[in-house]
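To be precise, the following lines are start26.pdb, and they hold PDB, C-alpha atoms.
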```pdb
ATOM      1  CA  MET A  30      47.608  99.880   1.200
ATOM      2  CA  ARG A  31      44.003 100.157   2.131
ATOM      3  CA  ASN A  32      41.484  97.488   2.551
ATOM      4  CA  ASN A  33      40.388  97.867  -1.031
ATOM      5  CA  ASN A  34      43.920  97.638  -2.132
ATOM      6  CA  LEU A  35      44.381  94.448  -0.238
ATOM      7  CA  SER A  36      42.490  91.301  -0.837
ATOM      8  CA  SER A  37      39.442  90.536   1.136
ATOM      9  CA  PRO A  38      38.655  86.880   1.540
ATOM     10  CA  ASP A  39      36.372  87.201  -1.474
ATOM     11  CA  ASP A  40      38.873  88.823  -3.750
ATOM     12  CA  ALA A  41      40.589  87.376  -6.739
ATOM     13  CA  THR A  42      43.866  85.579  -6.850
ATOM     14  CA  PRO A  43      46.970  87.693  -7.453
ATOM     15  CA  THR A  44      48.648  88.338 -10.742
ATOM     16  CA  ALA A  45      50.918  85.869 -12.380
ATOM     17  CA  ASP A  46      53.913  87.896 -11.238
ATOM     18  CA  SER A  47      53.240  87.144  -7.617
ATOM     19  CA  ALA A  48      52.286  83.596  -8.423
ATOM     20  CA  ASP A  49      55.698  83.153  -9.948
ATOM     21  CA  ASN A  50      57.324  84.609  -6.891
ATOM     22  CA  SER A  51      55.465  82.275  -4.599
ATOM     23  CA  VAL A  52      56.904  79.328  -6.439
ATOM     24  CA  VAL A  53      60.397  80.695  -6.052
ATOM     25  CA  ASP A  54      59.892  81.443  -2.395
ATOM     26  CA  ALA A  55      58.495  78.060  -1.616
ATOM     27  CA  THR A  56      61.775  76.521  -2.638
ATOM     28  CA  ALA A  57      63.787  79.241  -0.959
ATOM     29  CA  ASP A  58      62.250  78.230   2.346
ATOM     30  CA  SER A  59      64.763  75.497   2.940
ATOM     31  CA  ASP A  60      68.259  76.615   3.509
ATOM     32  CA  ALA A  61      70.815  73.910   3.947
ATOM     33  CA  HIS A  62      73.108  76.312   5.754
ATOM     34  CA  GLY A  63      70.699  77.672   8.316
ATOM     35  CA  PRO A  64      67.419  77.169  10.072
ATOM     36  CA  ARG A  65      64.186  77.309   8.088
ATOM     37  CA  ARG A  66      62.610  80.721   8.200
ATOM     38  CA  GLY A  67      59.498  79.078   9.592
ATOM     39  CA  ASP A  68      61.491  77.989  12.629
ATOM     40  CA  ALA A  69      61.389  81.513  14.049
ATOM     41  CA  LEU A  70      57.620  81.447  13.808
ATOM     42  CA  ILE A  71      57.354  78.098  15.561
ATOM     43  CA  GLU A  72      59.786  79.211  18.234
ATOM     44  CA  SER A  73      57.765  82.365  18.787
ATOM     45  CA  ALA A  74      54.588  80.309  19.135
ATOM     46  CA  CYS A  75      56.265  78.098  21.733
ATOM     47  CA  LEU A  76      58.148  80.708  23.704
ATOM     48  CA  GLY A  77      57.078  84.187  22.675
ATOM     49  CA  SER A  78      54.036  86.369  23.008
ATOM     50  CA  GLY A  79      50.816  85.924  21.104
ATOM     51  CA  ILE A  80      50.983  89.255  19.323
ATOM     52  CA  GLY A  81      54.633  88.737  18.417
ATOM     53  CA  THR A  82      53.735  85.387  16.898
ATOM     54  CA  VAL A  83      50.915  86.931  14.870
ATOM     55  CA  TYR A  84      53.254  89.574  13.486
ATOM     56  CA  LYS A  85      55.806  86.900  12.649
ATOM     57  CA  ALA A  86      53.099  84.946  10.840
ATOM     58  CA  LEU A  87      52.154  88.046   8.812
ATOM     59  CA  ASP A  88      55.807  88.705   8.003
ATOM     60  CA  ARG A  89      56.193  85.094   6.978
ATOM     61  CA  LEU A  90      53.264  85.378   4.580
ATOM     62  CA  VAL A  91      54.691  88.544   3.053
ATOM     63  CA  ASP A  92      58.040  86.829   2.663
ATOM     64  CA  LEU A  93      56.757  83.493   1.397
ATOM     65  CA  TYR A  94      54.412  84.870  -1.236
ATOM     66  CA  ALA A  95      56.472  87.980  -2.074
ATOM     67  CA  LEU A  96      53.558  90.182  -1.068
ATOM     68  CA  ASP A  97      53.634  93.937  -1.021
ATOM     69  CA  ASP A  98      51.725  94.066   2.225
ATOM     70  CA  ALA A  99      49.520  92.190   4.664
ATOM     71  CA  ALA A 100      47.137  93.069   7.448
ATOM     72  CA  LEU A 101      44.837  91.196   9.760
ATOM     73  CA  VAL A 102      41.514  92.525  11.030
ATOM     74  CA  LEU A 103      40.186  90.803  14.138
ATOM     75  CA  ASP A 104      37.291  90.976  16.540
ATOM     76  CA  VAL A 105      38.738  89.988  19.881
ATOM     77  CA  PRO A 106      36.572  89.580  22.982
ATOM     78  CA  GLY A 107      37.536  92.267  25.462
ATOM     79  CA  LEU A 108      39.462  94.282  22.875
ATOM     80  CA  GLY A 109      36.935  94.732  20.106
ATOM     81  CA  ARG A 110      38.047  95.439  16.553
ATOM     82  CA  GLN A 111      41.816  95.195  16.135
ATOM     83  CA  VAL A 112      43.953  95.783  13.062
ATOM     84  CA  LEU A 113      47.453  94.345  12.840
ATOM     85  CA  HIS A 114      49.644  95.565  10.009
ATOM     86  CA  ALA A 115      52.677  93.536   8.907
ATOM     87  CA  GLY A 116      55.906  94.909  10.286
ATOM     88  CA  ARG A 117      53.955  96.929  12.886
ATOM     89  CA  LYS A 118      53.940  99.684  10.278
ATOM     90  CA  PRO A 119      51.598 102.656  10.530
ATOM     91  CA  LEU A 120      48.582 102.537   8.264
ATOM     92  CA  GLY A 121      49.035 104.733   5.223
ATOM     93  CA  ASN A 122      46.451 107.286   4.189
ATOM     94  CA  ASP A 123      45.011 104.824   1.719
ATOM     95  CA  GLU A 124      44.842 102.015   4.264
ATOM     96  CA  HIS A 125      42.509 103.452   6.847
ATOM     97  CA  GLY A 126      39.588 101.606   5.315
ATOM     98  CA  LEU A 127      40.935  98.601   7.222
ATOM     99  CA  LEU A 128      39.673 100.175  10.425
ATOM    100  CA  ARG A 129      36.095  99.555   9.344
ATOM    101  CA  SER A 130      36.681  96.376   7.388
ATOM    102  CA  PRO A 131      35.230  93.047   8.494
ATOM    103  CA  PRO A 132      37.520  90.528  10.171
ATOM    104  CA  GLY A 133      39.790  88.801   7.713
ATOM    105  CA  LEU A 134      43.213  88.585   6.178
ATOM    106  CA  TYR A 135      43.971  91.402   3.754
ATOM    107  CA  LEU A 136      46.828  90.824   1.340
ATOM    108  CA  ASP A 137      48.330  92.920  -1.406
ATOM    109  CA  PRO A 138      48.267  91.504  -4.015
ATOM    110  CA  PRO A 139      45.272  89.318  -3.232
ATOM    111  CA  LEU A 140      45.736  85.634  -2.569
ATOM    112  CA  HIS A 141      42.490  83.740  -2.582
ATOM    113  CA  ASP A 142      42.838  81.086   0.084
ATOM    114  CA  PRO A 143      39.891  80.885   2.473
ATOM    115  CA  ALA A 144      41.656  78.312   4.643
ATOM    116  CA  LEU A 145      44.615  80.631   5.100
ATOM    117  CA  ASP A 146      42.268  83.504   5.939
ATOM    118  CA  ASP A 147      40.519  81.413   8.576
ATOM    119  CA  LEU A 148      43.786  80.177  10.051
ATOM    120  CA  MET A 149      45.276  83.645  10.325
ATOM    121  CA  VAL A 150      42.131  85.091  11.882
ATOM    122  CA  THR A 151      42.088  82.172  14.320
ATOM    123  CA  VAL A 152      45.751  82.526  15.231
ATOM    124  CA  GLY A 153      45.341  86.283  15.552
ATOM    125  CA  ALA A 154      42.375  86.110  17.891
ATOM    126  CA  LEU A 155      43.998  83.350  19.915
ATOM    127  CA  GLY A 156      47.258  85.270  20.184
ATOM    128  CA  LEU A 157      45.641  88.477  21.401
ATOM    129  CA  ARG A 158      43.383  86.629  23.836
ATOM    130  CA  PHE A 159      46.406  84.770  25.176
ATOM    131  CA  ASP A 160      48.328  87.999  25.697
ATOM    132  CA  THR A 161      45.531  89.889  27.371
ATOM    133  CA  ARG A 162      45.075  87.033  29.829
ATOM    134  CA  ALA A 163      48.793  86.389  30.358
ATOM    135  CA  MET A 164      49.541  90.046  30.967
ATOM    136  CA  LYS A 165      46.758  90.345  33.552
ATOM    137  CA  SER A 166      48.480  87.813  35.750
TER     138      SER A 166
ATOM    139  CA  MET B   6      58.592  95.607  29.220
ATOM    140  CA  SER B   7      58.858  94.310  25.679
ATOM    141  CA  ILE B   8      57.362  96.049  22.683
ATOM    142  CA  ASP B   9      54.834  93.201  22.496
ATOM    143  CA  GLU B  10      53.640  93.898  26.014
ATOM    144  CA  LEU B  11      53.527  97.632  25.361
ATOM    145  CA  GLU B  12      51.423  97.090  22.252
ATOM    146  CA  VAL B  13      48.988  94.818  24.064
ATOM    147  CA  GLU B  14      48.676  97.336  26.901
ATOM    148  CA  LEU B  15      47.871 100.051  24.361
ATOM    149  CA  ARG B  16      45.376  97.856  22.534
ATOM    150  CA  LYS B  17      43.597  97.210  25.837
ATOM    151  CA  LEU B  18      42.763 100.917  26.103
ATOM    152  CA  GLN B  19      39.172 101.675  25.152
ATOM    153  CA  GLY B  20      38.754 102.647  21.512
ATOM    154  CA  VAL B  21      42.235 101.634  20.336
ATOM    155  CA  VAL B  22      41.986  99.776  17.042
ATOM    156  CA  ALA B  23      45.548  99.702  15.754
ATOM    157  CA  VAL B  24      49.024 100.421  17.059
ATOM    158  CA  ALA B  25      52.153 101.002  15.006
ATOM    159  CA  PHE B  26      55.764 101.725  15.841
ATOM    160  CA  VAL B  27      58.383 103.711  14.006
ATOM    161  CA  GLU B  28      61.849 104.207  15.436
ATOM    162  CA  THR B  29      63.953 107.056  14.103
ATOM    163  CA  ASP B  30      67.095 108.550  15.602
ATOM    164  CA  GLY B  31      66.490 106.911  18.956
ATOM    165  CA  LEU B  32      62.937 108.218  19.160
ATOM    166  CA  LEU B  33      60.162 105.655  19.338
ATOM    167  CA  LEU B  34      57.079 107.044  17.626
ATOM    168  CA  ILE B  35      53.892 105.189  18.471
ATOM    169  CA  GLU B  36      50.869 105.714  16.275
ATOM    170  CA  VAL B  37      47.566 104.805  17.877
ATOM    171  CA  GLN B  38      44.496 104.547  15.668
ATOM    172  CA  ALA B  39      41.357 105.213  17.663
ATOM    173  CA  ALA B  40      37.699 104.462  17.006
ATOM    174  CA  PRO B  41      34.983 107.117  17.436
ATOM    175  CA  ASP B  42      34.135 105.809  20.917
ATOM    176  CA  ALA B  43      37.639 106.395  22.269
ATOM    177  CA  PRO B  44      37.632 108.568  25.398
ATOM    178  CA  ASP B  45      38.787 112.166  25.187
ATOM    179  CA  ASP B  46      41.819 111.530  27.373
ATOM    180  CA  LEU B  47      43.112 108.672  25.243
ATOM    181  CA  ALA B  48      46.210 110.612  24.173
ATOM    182  CA  ARG B  49      47.153 111.312  27.790
ATOM    183  CA  VAL B  50      46.524 107.750  28.949
ATOM    184  CA  ALA B  51      48.309 106.221  25.955
ATOM    185  CA  THR B  52      51.306 108.469  26.467
ATOM    186  CA  GLY B  53      51.413 107.474  30.135
ATOM    187  CA  VAL B  54      51.392 103.797  29.235
ATOM    188  CA  ALA B  55      54.031 104.303  26.558
ATOM    189  CA  VAL B  56      56.371 106.307  28.776
ATOM    190  CA  GLU B  57      55.948 103.882  31.641
ATOM    191  CA  HIS B  58      56.760 100.872  29.519
ATOM    192  CA  SER B  59      59.123 102.043  26.817
ATOM    193  CA  GLY B  60      61.958 103.147  29.058
ATOM    194  CA  GLY B  61      63.184 105.587  26.442
ATOM    195  CA  THR B  62      62.281 108.661  24.451
ATOM    196  CA  VAL B  63      58.830 108.135  23.054
ATOM    197  CA  ALA B  64      56.206 110.133  21.212
ATOM    198  CA  VAL B  65      52.573 109.076  20.858
ATOM    199  CA  GLU B  66      50.339 110.179  18.025
ATOM    200  CA  VAL B  67      46.649 109.415  18.327
ATOM    201  CA  VAL B  68      44.713 109.359  15.078
ATOM    202  CA  ARG B  69      40.977 109.526  15.582
ATOM    203  CA  TRP B  70      38.332 108.634  13.068
ATOM    204  CA  GLY B  71      34.765 109.849  12.977
ATOM    205  CA  ASP B  72      31.770 107.596  12.586
ATOM    206  CA  GLY B  73      32.560 105.054   9.957
ATOM    207  CA  GLY B  74      35.993 106.527   9.326
ATOM    208  CA  PRO B  75      36.961 108.728   6.447
ATOM    209  CA  HIS B  76      35.543 108.063   3.041
ATOM    210  CA  ILE B  77      38.227 106.330   1.063
ATOM    211  CA  ASN B  78      38.087 106.001  -2.665
ATOM    212  CA  GLU B  79      38.499 102.425  -3.698
ATOM    213  CA  ALA B  80      41.739 101.665  -5.480
ATOM    214  CA  ARG B  81      40.388  98.615  -7.256
ATOM    215  CA  PHE B  82      37.446  97.638  -9.323
ATOM    216  CA  ARG B  83      35.136  94.987  -7.934
ATOM    217  CA  LEU B  84      33.449  92.311  -9.962
ATOM    218  CA  VAL B  85      29.726  92.534  -9.280
ATOM    219  CA  GLU B  86      28.453  89.866 -11.653
ATOM    220  CA  VAL B  87      28.951  88.064 -14.894
ATOM    221  CA  GLY B  88      25.859  87.400 -16.961
ATOM    222  CA  THR B  89      24.660  86.614 -20.423
ATOM    223  CA  ASP B  90      22.224  88.466 -22.639
ATOM    224  CA  LEU B  91      20.909  85.530 -24.602
ATOM    225  CA  THR B  92      18.888  87.601 -27.042
ATOM    226  CA  ALA B  93      21.889  89.715 -27.996
ATOM    227  CA  GLY B  94      24.375  86.861 -27.689
ATOM    228  CA  THR B  95      26.624  88.916 -25.465
ATOM    229  CA  LEU B  96      28.417  88.333 -22.243
ATOM    230  CA  LEU B  97      27.957  91.062 -19.618
ATOM    231  CA  VAL B  98      30.542  91.884 -16.970
ATOM    232  CA  ARG B  99      29.398  94.310 -14.321
ATOM    233  CA  LEU B 100      32.067  96.111 -12.279
ATOM    234  CA  ALA B 101      31.850  98.545  -9.402
ATOM    235  CA  HIS B 102      34.071 101.299  -8.113
ATOM    236  CA  ASP B 103      32.913 103.168  -5.036
ATOM    237  CA  ASP B 104      29.197 103.742  -5.662
ATOM    238  CA  GLU B 105      29.365 103.574  -9.424
ATOM    239  CA  GLU B 106      28.939 100.608 -11.706
ATOM    240  CA  SER B 107      29.803  99.889 -15.297
ATOM    241  CA  VAL B 108      28.915  97.107 -17.703
ATOM    242  CA  GLY B 109      31.128  95.677 -20.414
ATOM    243  CA  ARG B 110      29.758  93.539 -23.224
ATOM    244  CA  ALA B 111      31.369  91.129 -25.646
ATOM    245  CA  PRO B 112      30.088  88.447 -28.036
ATOM    246  CA  THR B 113      29.709  85.124 -26.236
ATOM    247  CA  ASP B 114      31.076  83.192 -29.187
ATOM    248  CA  HIS B 115      34.598  84.314 -28.329
ATOM    249  CA  GLY B 116      34.609  81.807 -25.498
ATOM    250  CA  LEU B 117      36.829  82.657 -22.536
ATOM    251  CA  LEU B 118      38.156  85.672 -24.390
ATOM    252  CA  SER B 119      34.643  87.142 -24.154
ATOM    253  CA  ALA B 120      35.139  87.561 -20.422
ATOM    254  CA  VAL B 121      38.471  89.313 -20.951
ATOM    255  CA  GLU B 122      36.954  91.622 -23.552
ATOM    256  CA  ALA B 123      33.867  92.455 -21.519
ATOM    257  CA  THR B 124      35.973  93.119 -18.427
ATOM    258  CA  VAL B 125      38.357  95.413 -20.294
ATOM    259  CA  TYR B 126      35.399  97.298 -21.775
ATOM    260  CA  ALA B 127      33.790  97.637 -18.365
ATOM    261  CA  VAL B 128      37.045  99.056 -16.955
ATOM    262  CA  ARG B 129      37.276 101.399 -19.924
ATOM    263  CA  ALA B 130      33.847 102.779 -19.071
ATOM    264  CA  PHE B 131      35.463 104.075 -15.885
ATOM    265  CA  LEU B 132      38.810 104.900 -17.471
ATOM    266  CA  PRO B 133      38.404 105.911 -21.130
ATOM    267  CA  GLU B 134      42.151 106.470 -21.341
ATOM    268  CA  LEU B 135      42.850 102.796 -20.592
ATOM    269  CA  THR B 136      45.312 101.590 -23.221
ATOM    270  CA  PHE B 137      45.242  97.890 -22.396
ATOM    271  CA  LEU B 138      43.530  95.612 -24.884
ATOM    272  CA  PRO B 139      42.122  92.128 -24.373
ATOM    273  CA  GLY B 140      44.726  89.430 -24.919
ATOM    274  CA  TRP B 141      43.824  85.872 -24.129
ATOM    275  CA  ALA B 142      42.552  83.591 -21.376
ATOM    276  CA  ARG B 143      43.233  79.959 -20.615
ATOM    277  CA  LEU B 144      41.724  77.526 -18.184
ATOM    278  CA  ILE B 145      44.679  76.033 -16.403
ATOM    279  CA  GLU B 146      43.048  73.872 -13.764
ATOM    280  CA  THR B 147      39.722  72.540 -12.622
ATOM    281  CA  LEU B 148      39.875  72.388  -8.861
ATOM    282  CA  PRO B 149      38.395  69.503  -6.861
ATOM    283  CA  ASP B 150      35.508  71.615  -5.583
ATOM    284  CA  ARG B 151      34.431  72.423  -9.147
ATOM    285  CA  ARG B 152      36.078  75.800  -9.137
ATOM    286  CA  PHE B 153      38.094  76.875 -12.113
ATOM    287  CA  LEU B 154      41.493  78.487 -12.267
ATOM    288  CA  VAL B 155      42.057  80.765 -15.239
ATOM    289  CA  VAL B 156      44.950  82.901 -16.460
ATOM    290  CA  ALA B 157      44.060  86.015 -18.428
ATOM    291  CA  SER B 158      46.313  88.413 -20.279
ATOM    292  CA  VAL B 159      45.870  92.005 -21.390
ATOM    293  CA  THR B 160      48.244  93.964 -23.599
ATOM    294  CA  ASP B 161      49.203  97.584 -23.927
ATOM    295  CA  PRO B 162      50.324  97.614 -27.578
ATOM    296  CA  GLU B 163      52.307 100.843 -27.592
ATOM    297  CA  PRO B 164      54.926 100.006 -24.977
ATOM    298  CA  ARG B 165      54.237  96.305 -25.651
ATOM    299  CA  VAL B 166      53.449  95.584 -22.030
ATOM    300  CA  ASN B 167      51.599  92.430 -21.071
ATOM    301  CA  ARG B 168      49.816  91.995 -17.780
ATOM    302  CA  ARG B 169      48.588  88.619 -16.645
ATOM    303  CA  GLY B 170      46.326  87.676 -13.795
ATOM    304  CA  VAL B 171      45.229  84.434 -12.222
ATOM    305  CA  ALA B 172      41.923  83.894 -10.483
ATOM    306  CA  GLU B 173      39.411  81.301  -9.432
ATOM    307  CA  GLY B 174      35.745  81.328 -10.194
ATOM    308  CA  THR B 175      32.692  79.138 -10.009
ATOM    309  CA  THR B 176      32.688  79.082 -13.812
ATOM    310  CA  PRO B 177      35.576  79.480 -16.257
ATOM    311  CA  ILE B 178      33.974  82.698 -17.540
ATOM    312  CA  GLU B 179      33.740  84.193 -14.067
ATOM    313  CA  ALA B 180      37.317  83.131 -13.345
ATOM    314  CA  ALA B 181      38.446  84.752 -16.599
ATOM    315  CA  ALA B 182      36.730  88.010 -15.660
ATOM    316  CA  ARG B 183      38.337  87.946 -12.212
ATOM    317  CA  ALA B 184      41.719  87.117 -13.716
ATOM    318  CA  THR B 185      41.423  90.032 -16.125
ATOM    319  CA  LEU B 186      40.551  92.282 -13.224
ATOM    320  CA  ALA B 187      43.535  90.991 -11.284
ATOM    321  CA  ALA B 188      45.732  91.795 -14.276
ATOM    322  CA  LEU B 189      44.370  95.312 -14.630
ATOM    323  CA  ASN B 190      43.822  96.319 -11.034
ATOM    324  CA  ARG B 191      47.470  96.678 -10.139
ATOM    325  CA  THR B 192      47.918  99.074 -13.033
ATOM    326  CA  VAL B 193      44.741 101.077 -12.764
ATOM    327  CA  SER B 194      44.933 101.416  -8.965
ATOM    328  CA  ARG B 195      47.604 104.071  -9.494
ATOM    329  CA  VAL B 196      45.173 106.346 -11.291
ATOM    330  CA  LEU B 197      42.008 105.682  -9.289
TER     331      LEU B 197
END
```

Translate the structure described by the file into structure tokens.
Amino acid sequence: MRNNNLSSPDDATPTADSADNSVVDATADSDAHGPRRGDALIESACLGSGIGTVYKALDRLVDLYALDDAALVLDVPGLGRQVLHAGRKPLGNDEHGLLRSPPGLYLDPPLHDPALDDLMVTVGALGLRFDTRAMKS
Amino acid sequence: MSIDELEVELRKLQGVVAVAFVETDGLLLIEVQAAPDAPDDLARVATGVAVEHSGGTVAVEVVRWGDGGPHINEARFRLVEVGTDLTAGTLLVRLAHDDEESVGRAPTDHGLLSAVEATVYAVRAFLPELTFLPGWARLIETLPDRRFLVVASVTDPEPRVNRRGVAEGTTPIEAAARATLAALNRTVSRVL
């Protein structure tokens, strides 16, 4: 994955394959025998760290839309440019372009949803700002 | 200290842009991606933070990038513009890859299929060995904000493989070009 291999907010929508998967996953979200997968994300937001919640949100996106990969590029006051890669995985050789990419949500395959991009960037910046302040005290 | 706290502490170090963790055989490997302005002693400081907070066997690898980072070849084609040559009656699709551009043309009277054809031809200008042929395109939805959602299909006749893509655009033609690109990009990215 590199930034070109992921979607930028201006990229096209993914292939039909992934679109099909997203439909399947949307229904798979509810499990009568266990908690919704989104519950872990909400619990993390209520009780966990900011960065942990952001990673859970990225993992949730990957899971929900059957993505190959996801990354978030942020500009955080006090930290500067930050890149968060789903699963806390190292960036591959073809993914280092993310380090100089503008802030945004980068998905592979692309998923054109500006609102989702904005929300993830917002949650990401908020989470990192929360952690840097909480861990000072 | 949790791994979350360790990561935040590492990200607070000057010049740190990304942090990743890999655990193998009880060894926690931490990869720190550093910007050009990272101090020279970043590896020492990062290792100190990691050892202090991990409480186990840990290795830190600092990866530094020069100004602007390494040049990376793009793995996808970008749509630059879709236009029409009225005098020739052709649709033009302009694509880019790295610093190069190509233009594909197709007769406008093929409707949405024109965009698929012109996009395939523009990709073929970069990749003459491309075996996919234009298939079809269909407008599947007009979105409330006057954007158009189109599905496009391309076909490789020899192995009889079809690839379909979905994309939005401000016009059905633009959406068809983007959808064709979405269909092709996942295949061609392997050879770019």

List the spatial neighbours of stretch 170-173 of chain B as a PDB file with C-alpha atoms, in the frame of the given file - criterion: any atom at most 12 Å away, all atoms listed in the file, same-chain residues fewer than 4 positions off excluded.
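Saved the output as result-v8.pdb:
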```pdb
ATOM      1  CA  ASP A  39      36.372  87.201  -1.474  1.00  0.00           C
ATOM      2  CA  ASP A  40      38.873  88.823  -3.750  1.00  0.00           C
ATOM      3  CA  ALA A  41      40.589  87.376  -6.739  1.00  0.00           C
ATOM      4  CA  THR A  42      43.866  85.579  -6.850  1.00  0.00           C
ATOM      5  CA  PRO A  43      46.970  87.693  -7.453  1.00  0.00           C
ATOM      6  CA  THR A  44      48.648  88.338 -10.742  1.00  0.00           C
ATOM      7  CA  ALA A  45      50.918  85.869 -12.380  1.00  0.00           C
ATOM      8  CA  ASP A  46      53.913  87.896 -11.238  1.00  0.00           C
ATOM      9  CA  SER A  47      53.240  87.144  -7.617  1.00  0.00           C
ATOM     10  CA  ALA A  48      52.286  83.596  -8.423  1.00  0.00           C
ATOM     11  CA  ASP A  49      55.698  83.153  -9.948  1.00  0.00           C
ATOM     12  CA  PRO A 138      48.267  91.504  -4.015  1.00  0.00           C
ATOM     13  CA  PRO A 139      45.272  89.318  -3.232  1.00  0.00           C
ATOM     14  CA  LEU A 140      45.736  85.634  -2.569  1.00  0.00           C
ATOM     15  CA  HIS A 141      42.490  83.740  -2.582  1.00  0.00           C
ATOM     16  CA  ASP A 142      42.838  81.086   0.084  1.00  0.00           C
ATOM     17  CA  PRO A 143      39.891  80.885   2.473  1.00  0.00           C
TER      18      PRO A 143
ATOM     19  CA  LEU B  84      33.449  92.311  -9.962  1.00  0.00           C
ATOM     20  CA  VAL B 121      38.471  89.313 -20.951  1.00  0.00           C
ATOM     21  CA  GLY B 140      44.726  89.430 -24.919  1.00  0.00           C
ATOM     22  CA  TRP B 141      43.824  85.872 -24.129  1.00  0.00           C
ATOM     23  CA  ALA B 142      42.552  83.591 -21.376  1.00  0.00           C
ATOM     24  CA  ARG B 143      43.233  79.959 -20.615  1.00  0.00           C
ATOM     25  CA  LEU B 144      41.724  77.526 -18.184  1.00  0.00           C
ATOM     26  CA  ILE B 145      44.679  76.033 -16.403  1.00  0.00           C
ATOM     27  CA  GLU B 146      43.048  73.872 -13.764  1.00  0.00           C
ATOM     28  CA  THR B 147      39.722  72.540 -12.622  1.00  0.00           C
ATOM     29  CA  LEU B 148      39.875  72.388  -8.861  1.00  0.00           C
ATOM     30  CA  ASP B 150      35.508  71.615  -5.583  1.00  0.00           C
ATOM     31  CA  ARG B 151      34.431  72.423  -9.147  1.00  0.00           C
ATOM     32  CA  ARG B 152      36.078  75.800  -9.137  1.00  0.00           C
ATOM     33  CA  PHE B 153      38.094  76.875 -12.113  1.00  0.00           C
ATOM     34  CA  LEU B 154      41.493  78.487 -12.267  1.00  0.00           C
ATOM     35  CA  VAL B 155      42.057  80.765 -15.239  1.00  0.00           C
ATOM     36  CA  VAL B 156      44.950  82.901 -16.460  1.00  0.00           C
ATOM     37  CA  ALA B 157      44.060  86.015 -18.428  1.00  0.00           C
ATOM     38  CA  SER B 158      46.313  88.413 -20.279  1.00  0.00           C
ATOM     39  CA  VAL B 159      45.870  92.005 -21.390  1.00  0.00           C
ATOM     40  CA  THR B 160      48.244  93.964 -23.599  1.00  0.00           C
ATOM     41  CA  PRO B 177      35.576  79.480 -16.257  1.00  0.00           C
ATOM     42  CA  ILE B 178      33.974  82.698 -17.540  1.00  0.00           C
ATOM     43  CA  GLU B 179      33.740  84.193 -14.067  1.00  0.00           C
ATOM     44  CA  ALA B 180      37.317  83.131 -13.345  1.00  0.00           C
ATOM     45  CA  ALA B 181      38.446  84.752 -16.599  1.00  0.00           C
ATOM     46  CA  ALA B 182      36.730  88.010 -15.660  1.00  0.00           C
ATOM     47  CA  ARG B 183      38.337  87.946 -12.212  1.00  0.00           C
ATOM     48  CA  ALA B 184      41.719  87.117 -13.716  1.00  0.00           C
ATOM     49  CA  THR B 185      41.423  90.032 -16.125  1.00  0.00           C
ATOM     50  CA  LEU B 186      40.551  92.282 -13.224  1.00  0.00           C
ATOM     51  CA  ALA B 187      43.535  90.991 -11.284  1.00  0.00           C
ATOM     52  CA  ALA B 188      45.732  91.795 -14.276  1.00  0.00           C
ATOM     53  CA  LEU B 189      44.370  95.312 -14.630  1.00  0.00           C
ATOM     54  CA  ASN B 190      43.822  96.319 -11.034  1.00  0.00           C
ATOM     55  CA  ARG B 191      47.470  96.678 -10.139  1.00  0.00           C
ATOM     56  CA  THR B 192      47.918  99.074 -13.033  1.00  0.00           C
TER      57      THR B 192
END
```

message: Assuming the chain letters and numbering stay as they are in my file, what does the PyMOL selection byres ((chain A and resi 156-164) around 8) actually select? List them as a PyMOL selection string.
response: (chain A and resi 78-80+82-83+105-106+152-155+165-166) or (chain B and resi 10+13+17)

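As for atom CA of A:Val150 and atom CA of B:Ala101, they are spaced 27.2 Å apart.
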
- prompt: Please, what distance in Å, to one decimal, runs between atom CA of B:Asp104 and atom CA of B:Arg83?
  reply: 10.8 Å

field: Distance query B:Ser107 at most 9 Å, only C-alpha atoms, self and fewer than 3 positions along chain excluded, as a list in words
entry: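 Listed by chain and then number, they are Val98, Arg99, Leu100, Ala101, His102, Tyr126, Ala127, Val128, Arg129, Ala130 and Phe131 of chain B.
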
message: Could you tell me how far atom CA of A:Val102 sits from atom CA of A:Ala115, in Å to one decimal place?
response: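 So the answer is 11.4 Å.
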
task: Return as a ChimeraX atom specification the set of residues that the PyMOL selection byres ((chain B and resi 60) around 12) yields on the displayed structure.
output: /B:6-8,11,31-33,53-59,61-64

- request: Give as a list in words every residue, naming chains and numbers as the document does, that has an atom within 12 Å of (38.3, 107.4, 22.8), counting all atoms listed in the file.
  value: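 Checked against the point, the hits come out as Arg16, Lys17, Leu18, Gln19, Gly20, Val21, Val22, Val37, Gln38, Ala39, Ala40, Pro41, Asp42, Ala43, Pro44, Asp45, Asp46, Leu47, Ala48, Arg49, Val50, Ala51, Val67, Val68, Arg69, Trp70 and Gly71 of chain B.
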
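You can rank A:Asp88, A:Asp146, A:Ala95, A:Ser130 by their closest distance to A:Lys118 using only C-alpha atoms, and at the top of that list sits A:Asp88.
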
task: Please write as number ranges by chain the list of polymer residues whose atoms come within 8 Å of (49.7, 95.5, 9.9), counting all atoms listed in the file and keeping to the coordinates of the file.
output: A: 84, 87, 99-101, 112-120; B: 25

- prompt: With all atoms listed in the file as the basis for distance, which of A:Asp92, A:Asp137, A:Asp68, A:Asp98 is at the shortest distance from chain B?
  reply: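 Closest to chain B, using all atoms listed in the file: A:Asp137.
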
Given the PyMOL selection byres ((chain B and resi 113) around 8), the residues it picks as a ChimeraX atom specification: /B:89,94-96,111-112,114-116,119

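The smallest atom-to-atom distance between B:Leu138 and any of B:Ala80, B:Ala93, B:Val85, B:Leu118, using all atoms listed in the file, is found for B:Leu118.
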
field: Of the listed residues A:Gly109, A:Arg89, A:Asp97, A:Leu70, that which approaches chain B most closely, counting only C-alpha atoms
entry: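 Closest to chain B of all the choices is A:Gly109.
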
task: Measuring atom to atom with all atoms listed in the file, identify which of B:Pro149, B:Pro133, B:Pro139, B:Gly174 is nearest to chain A.
output: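 Among the listed residues, the smallest separation from chain A belongs to B:Gly174.
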